[in-house]
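Input: a single structure, listed below in structure tokens.
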Amino acid sequence: MDTPEGFVAIVLAAGQGTRMKSARPKVLHEIAGRPLVHWAVEAALEAGVDRCVVVIGHGADAVEASLEERFGGRVTTAVQAEQRGTGHAVQQAMAALDDHAGPLLILYGDCPLVPSEQLRALMTATTREGAALGLVTAALDDPTGYGRILRDARGRVVAIREQKDCSRDERAIHEVNPGLYAVDAGFLREAIAALGDDNAQGEFYLTDVVAAAAKQGRVVDVPGDMRDLRGVNDRADLAECARVRRDRIVAALAAGGVGFRDPSTVWIDAECVVEADAFVDAGVQLRGRCVVRAGAHIDAGAVLTDTRVEANATVLPYTVTTDATLGAHATVGPFSHLRPGTVLGPGSKVGNFSETKKTRVGAGSKVNHLSYVGDGDIGEGVNIGAGTIFCNYDGFEKHTTVLEDGVFIGSDSQLVAPVRVGRGAYVASGTTVTRDVPPDALAIARTRQQNKEGFAARLRERLGARKSHAKAPSGRDPGEGAPR
Ligand code: UD1
Ligand code: CA
């Protein structure tokens with residue numbers, strides 16, 4: 001379909017969203033990792049509008065910052081200081097658009113599923129018919145909360161009636177207003193100047209401009225599918241729209257060759273990239289901007305945020321990662337926690353119940369069991385034994401532990417940073433390393449072992465006897481005899 005030319009979009013996002021019962025402005029609540037208002041703006045830009053003006057008001061600073069961060073100069077804002085209705089909101093936008101004579105696309109910032117094709121169809125029909133106003137209408141089994149479409153005997157749209165202003169008969173109408181309009185700027189300027197607020201909510205309704213265009217016989221309506229067009233007014237709507245969006249994201253990835261065991265349990269944010277032949281098991285969540293390369297395997301229940309998983313890497317069940325990178329053929333989990341700044345080299349391994357933070361792990365190195373590895377710089381072919389702790393924090397500052405290539409750290413060791421273990425060195429199990437270890441040296445710091453022959457047998461005897469005396473009705477006081 002052609003991209004209609006010369007359109008500017010207005011997105012209304014100034015309302016508080018009272019029905020959300022939230023301190024956060026409604027339009028900043030997220031679906032698939034994107035605020036609601038971003039979805040609306042994105043759809044408009046994708047549909048080919050030249051630029052976009054977002055009307056902000058409630059939580060204006062936060063909404064503006066969020067738009068600026070994502071869209072930069074492609075989006076400008078107009079402030080509606082007091083929220084006096086959708087018509088009043090459009091008046092504020094038009095004040096910022098007095099140089100614009102072309103057509104406008106108007107949509108609401110709480111409508112996160114709208115496809116850009118729907119917007120394009122609306123813009124094209126409106127331009128083609130030379131209408132003053134085009135709108136989308138859709139049928140809905142339960143039309144509660146939506147404005148109803150009123151038609152005359154010949155089936156022409158004559159007005160939109162808000163639910164609260166509906167008569168009983170009007171309330172029974174199932175054709176509703178999803179809130180998408182294409183409007184001629186000249187017509188709109190006159191129509192919004194003439195709006196009144198004599199209605200059930202005492203607001204200036206944008207929807208009243210439909211009746212004005214109908215009076216001139218210059219309305220065109222385009223059919224829409226309500227599954228794509230529902231608005232978010234409360235938490236239930238948000239959850240439902242999030243589910244629909246999730247289904248679409250997962251379906252698109254599956255069509256692109258990503259394997260899913262149980263797509264209905266997986267949540268993947270919109271900004272994530274997952275390549276063909278990656279496999280995603282049940283209950284996985286990919287949040288933020290994850291990249292999962294071909295052949296990678298994300299096992300059940302893993303939650304990855306802003307994480308890169310290179311080709312053929314494996315994430316075993318119930319692993320949690322944030323701002324981390326797994327090199328090709330690396331393995332993590334089950335139950336690993338990779339915190340920000342973790343970079344695992346190719347073929348390296350972080351095993352169960354290990355935690356890493358701001359650490360590079362060289363190719364082929366292993367942190368297999370129950371370790372804490374923070375602020376580490378670990379070379380290639382290093383083996384870190386079970387229960388190793390990098391003591392990176394002295395209460396004031398963080399310090400780095402450097403393990404050069406080929407180092408072997410025995411189990412239950414502590415490395416008190418800053419410290420360096422030279423290439424090929426050994427650290428004996430149970431050692432607390434406080435000084436640098438030269439290459440190829442053995443560091444051992446623990447008391448020498450003594451074996452006391454027969455001691456355990458004698459101890460058992462003595463303790464057994466004490467216990468039976470204590471149970472006897474008139475026993476000796478079992479106070480003496482602690483082993484020496
Ligand atoms: C609106 C429509 C209704 C339609 C429904 C579709 C009007 C009068 N009604 O009702 O016909 O069926 O959307 O979802 O337009 N906003 C502002 N400033 C304001 C008021 C609202 O910017 O003063 C913004 C809100 O942030 C929101 C959007 O406009 O993003 C819609 O407002 P909302 O209060 O949700 O309108 P509805 O009651 O849903
Ligand atoms: Ca709404």
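Labels used: A, B, ... for chains in the order of the structure tokens, numbers from 1 for residues in each chain, and numbers from 1 for ligands as shown.
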
**OP:** Find the residues near ligand 2. Use a cut-off of 7 Å, count only C-alpha atoms and all ligand atoms, and write them as a ChimeraX atom specification.
**Re:** /A:110,231-233

Original post:
Which chains and residue numbers are within 6 Å of ligand 1, counting only C-alpha atoms and all ligand atoms, if I want them as a ChimeraX atom specification?
Top reply: /A:12-15,55,83-86,89,108-110,146-147,162,177-179,205-207,231,233

File dump, residues just selected, N, CA and C atoms, as a PDB file, in the first residue's frame:
```pdb
ATOM      1  N   LEU A  12      -2.276  11.549  21.700  1.00  0.00           N
ATOM      2  CA  LEU A  12      -2.767  12.129  22.960  1.00  0.00           C
ATOM      3  C   LEU A  12      -2.299  11.283  24.141  1.00  0.00           C
ATOM      4  N   ALA A  13      -1.536  11.926  25.026  1.00  0.00           N
ATOM      5  CA  ALA A  13      -0.937  11.170  26.123  1.00  0.00           C
ATOM      6  C   ALA A  13      -0.835  12.001  27.397  1.00  0.00           C
ATOM      7  N   ALA A  14      -1.825  12.897  27.592  1.00  0.00           N
ATOM      8  CA  ALA A  14      -1.735  13.793  28.746  1.00  0.00           C
ATOM      9  C   ALA A  14      -2.529  13.306  29.947  1.00  0.00           C
ATOM     10  N   GLY A  15      -3.398  12.329  29.721  1.00  0.00           N
ATOM     11  CA  GLY A  15      -4.298  11.910  30.802  1.00  0.00           C
ATOM     12  C   GLY A  15      -3.561  11.192  31.916  1.00  0.00           C
ATOM     13  N   VAL A  55       0.886  15.011  22.848  1.00  0.00           N
ATOM     14  CA  VAL A  55       0.333  15.908  23.863  1.00  0.00           C
ATOM     15  C   VAL A  55       0.575  15.286  25.226  1.00  0.00           C
ATOM     16  N   GLN A  83      -6.150  18.638  32.133  1.00  0.00           N
ATOM     17  CA  GLN A  83      -6.738  17.647  31.227  1.00  0.00           C
ATOM     18  C   GLN A  83      -8.254  17.845  31.125  1.00  0.00           C
ATOM     19  N   ARG A  84      -8.641  18.575  30.105  1.00  0.00           N
ATOM     20  CA  ARG A  84     -10.059  18.922  29.953  1.00  0.00           C
ATOM     21  C   ARG A  84     -10.690  18.181  28.795  1.00  0.00           C
ATOM     22  N   GLY A  85     -10.105  17.043  28.445  1.00  0.00           N
ATOM     23  CA  GLY A  85     -10.715  16.205  27.427  1.00  0.00           C
ATOM     24  C   GLY A  85      -9.855  16.058  26.180  1.00  0.00           C
ATOM     25  N   THR A  86     -10.221  15.064  25.372  1.00  0.00           N
ATOM     26  CA  THR A  86      -9.409  14.751  24.193  1.00  0.00           C
ATOM     27  C   THR A  86      -9.453  15.871  23.148  1.00  0.00           C
ATOM     28  N   ALA A  89      -7.146  18.500  24.302  1.00  0.00           N
ATOM     29  CA  ALA A  89      -5.762  18.048  24.070  1.00  0.00           C
ATOM     30  C   ALA A  89      -5.343  18.353  22.628  1.00  0.00           C
ATOM     31  N   TYR A 108      -4.639   7.818  20.082  1.00  0.00           N
ATOM     32  CA  TYR A 108      -4.506   7.909  21.529  1.00  0.00           C
ATOM     33  C   TYR A 108      -3.290   7.118  21.990  1.00  0.00           C
ATOM     34  N   GLY A 109      -2.630   7.673  22.997  1.00  0.00           N
ATOM     35  CA  GLY A 109      -1.398   7.049  23.484  1.00  0.00           C
ATOM     36  C   GLY A 109      -1.620   5.798  24.304  1.00  0.00           C
ATOM     37  N   ASP A 110      -2.881   5.407  24.482  1.00  0.00           N
ATOM     38  CA  ASP A 110      -3.149   4.213  25.296  1.00  0.00           C
ATOM     39  C   ASP A 110      -3.658   3.060  24.437  1.00  0.00           C
ATOM     40  N   TYR A 146     -16.453   2.213  25.518  1.00  0.00           N
ATOM     41  CA  TYR A 146     -16.093   2.839  24.247  1.00  0.00           C
ATOM     42  C   TYR A 146     -17.199   3.781  23.766  1.00  0.00           C
ATOM     43  N   GLY A 147     -16.789   4.786  22.979  1.00  0.00           N
ATOM     44  CA  GLY A 147     -17.769   5.620  22.301  1.00  0.00           C
ATOM     45  C   GLY A 147     -18.480   4.780  21.236  1.00  0.00           C
ATOM     46  N   GLU A 162     -20.321   9.151  23.483  1.00  0.00           N
ATOM     47  CA  GLU A 162     -19.587   8.543  24.600  1.00  0.00           C
ATOM     48  C   GLU A 162     -20.543   7.722  25.456  1.00  0.00           C
ATOM     49  N   ASN A 177     -15.889   3.185  18.665  1.00  0.00           N
ATOM     50  CA  ASN A 177     -14.835   4.065  18.182  1.00  0.00           C
ATOM     51  C   ASN A 177     -13.504   3.675  18.811  1.00  0.00           C
ATOM     52  N   PRO A 178     -12.599   3.098  18.053  1.00  0.00           N
ATOM     53  CA  PRO A 178     -11.289   2.735  18.616  1.00  0.00           C
ATOM     54  C   PRO A 178     -10.402   3.959  18.842  1.00  0.00           C
ATOM     55  N   GLY A 179     -10.757   5.097  18.210  1.00  0.00           N
ATOM     56  CA  GLY A 179     -10.005   6.321  18.467  1.00  0.00           C
ATOM     57  C   GLY A 179      -8.892   6.599  17.480  1.00  0.00           C
ATOM     58  N   TYR A 205     -14.853  16.937  24.050  1.00  0.00           N
ATOM     59  CA  TYR A 205     -14.648  15.640  23.397  1.00  0.00           C
ATOM     60  C   TYR A 205     -14.133  15.830  21.976  1.00  0.00           C
ATOM     61  N   LEU A 206     -13.028  15.179  21.654  1.00  0.00           N
ATOM     62  CA  LEU A 206     -12.572  15.166  20.264  1.00  0.00           C
ATOM     63  C   LEU A 206     -13.632  14.495  19.376  1.00  0.00           C
ATOM     64  N   THR A 207     -14.319  13.525  19.953  1.00  0.00           N
ATOM     65  CA  THR A 207     -15.281  12.746  19.168  1.00  0.00           C
ATOM     66  C   THR A 207     -16.394  13.607  18.578  1.00  0.00           C
ATOM     67  N   GLY A 231      -8.005  -0.261  23.682  1.00  0.00           N
ATOM     68  CA  GLY A 231      -7.275   0.718  24.484  1.00  0.00           C
ATOM     69  C   GLY A 231      -7.023   0.163  25.868  1.00  0.00           C
ATOM     70  N   ASN A 233      -7.268   0.967  29.655  1.00  0.00           N
ATOM     71  CA  ASN A 233      -7.792   1.866  30.674  1.00  0.00           C
ATOM     72  C   ASN A 233      -7.480   1.387  32.085  1.00  0.00           C
TER      73      ASN A 233
END
```

**OP:** Take CA of Tyr181 (chain A) and CA of Ile106 (chain A) and report the distance between them in Å, one decimal.
**Re:** 5.1 Å

Original post:
Could you name the residues that touch Leu180 (chain A) at 12 Å or less, counting only C-alpha atoms, but leaving out those on the same chain fewer than 5 positions away, as a PyMOL selection string?
Top reply: chain A and resi 9-12+40+43-44+104-111+114-116+118-123+126+133-138+206-207+210+221-224+226+228-231

**OP:** List the neighbours of Thr431 (chain A) out to 8 Å using only C-alpha atoms; skip same-chain residues closer than 6 positions along the sequence, and give me the result as a list in words.
**Re:**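 Residues near the query, excluding close chain neighbours: Gly410, Asp412, Ser413, Gln414, Ala443, Ile444, Ala445 and Arg446 of chain A.
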
Selected residues written out, C-alpha atoms, as a compact mmCIF listing (two decimals), in the first residue's frame:
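Listed below is the output, out09.txt:
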```txt
# COMPACT_ATOMS: atom_id res chain seq x y z
CA GLY A 410 41.48 -25.13 44.64
CA ASP A 412 37.00 -23.15 49.14
CA SER A 413 39.65 -20.51 48.52
CA GLN A 414 39.30 -16.81 49.07
CA ALA A 443 50.11 -20.76 47.13
CA ILE A 444 49.00 -22.58 50.25
CA ALA A 445 47.82 -20.91 53.42
CA ARG A 446 46.23 -23.25 55.94
```

Original post:
Which residues come within 7 Å of region 394-402 of chain A, counting only C-alpha atoms, excluding same-chain residues fewer than 3 positions away, as a list in words?
Top reply: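 Final neighbour list, sorted by chain and number: Asp375, Gly376, Asp377, Ile378, Ala417, Pro418, Val419, Arg420 and Val421 of chain A.
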
Could you save the residues just selected, with N, CA, C and O atoms, as a compact mmCIF listing (two decimals), in the first residue's frame?
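That gives us result_21.txt:
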```txt
# COMPACT_ATOMS: atom_id res chain seq x y z
N ASP A 375 34.35 -8.48 40.12
CA ASP A 375 35.50 -7.65 39.73
C ASP A 375 36.70 -8.53 39.41
O ASP A 375 37.80 -8.28 39.88
N GLY A 376 36.46 -9.53 38.59
CA GLY A 376 37.53 -10.44 38.23
C GLY A 376 37.99 -10.24 36.80
O GLY A 376 37.23 -9.80 35.93
N ASP A 377 39.26 -10.53 36.57
CA ASP A 377 39.79 -10.54 35.21
C ASP A 377 40.47 -11.89 35.06
O ASP A 377 41.57 -12.09 35.56
N ILE A 378 39.77 -12.81 34.43
CA ILE A 378 40.19 -14.21 34.44
C ILE A 378 40.64 -14.60 33.04
O ILE A 378 39.89 -14.45 32.07
N ALA A 417 41.10 -9.20 47.19
CA ALA A 417 41.54 -8.24 46.18
C ALA A 417 41.97 -6.92 46.82
O ALA A 417 41.50 -6.59 47.91
N PRO A 418 42.88 -6.16 46.18
CA PRO A 418 43.46 -6.46 44.86
C PRO A 418 44.54 -7.54 44.96
O PRO A 418 45.38 -7.47 45.85
N VAL A 419 44.49 -8.47 44.03
CA VAL A 419 45.47 -9.55 44.06
C VAL A 419 45.59 -10.14 42.66
O VAL A 419 44.64 -10.08 41.87
N ARG A 420 46.79 -10.70 42.38
CA ARG A 420 47.03 -11.28 41.05
C ARG A 420 47.65 -12.66 41.23
O ARG A 420 48.57 -12.83 42.03
N VAL A 421 47.13 -13.61 40.50
CA VAL A 421 47.72 -14.95 40.50
C VAL A 421 48.33 -15.17 39.11
O VAL A 421 47.62 -15.11 38.10
```

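Atom to atom, CA of Glu170 (chain A) and CA of Glu129 (chain A) stand 28.2 Å apart.
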
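Counting from CA of Ser167 (chain A), the distance to CA of Ala194 (chain A) is 24.0 Å.
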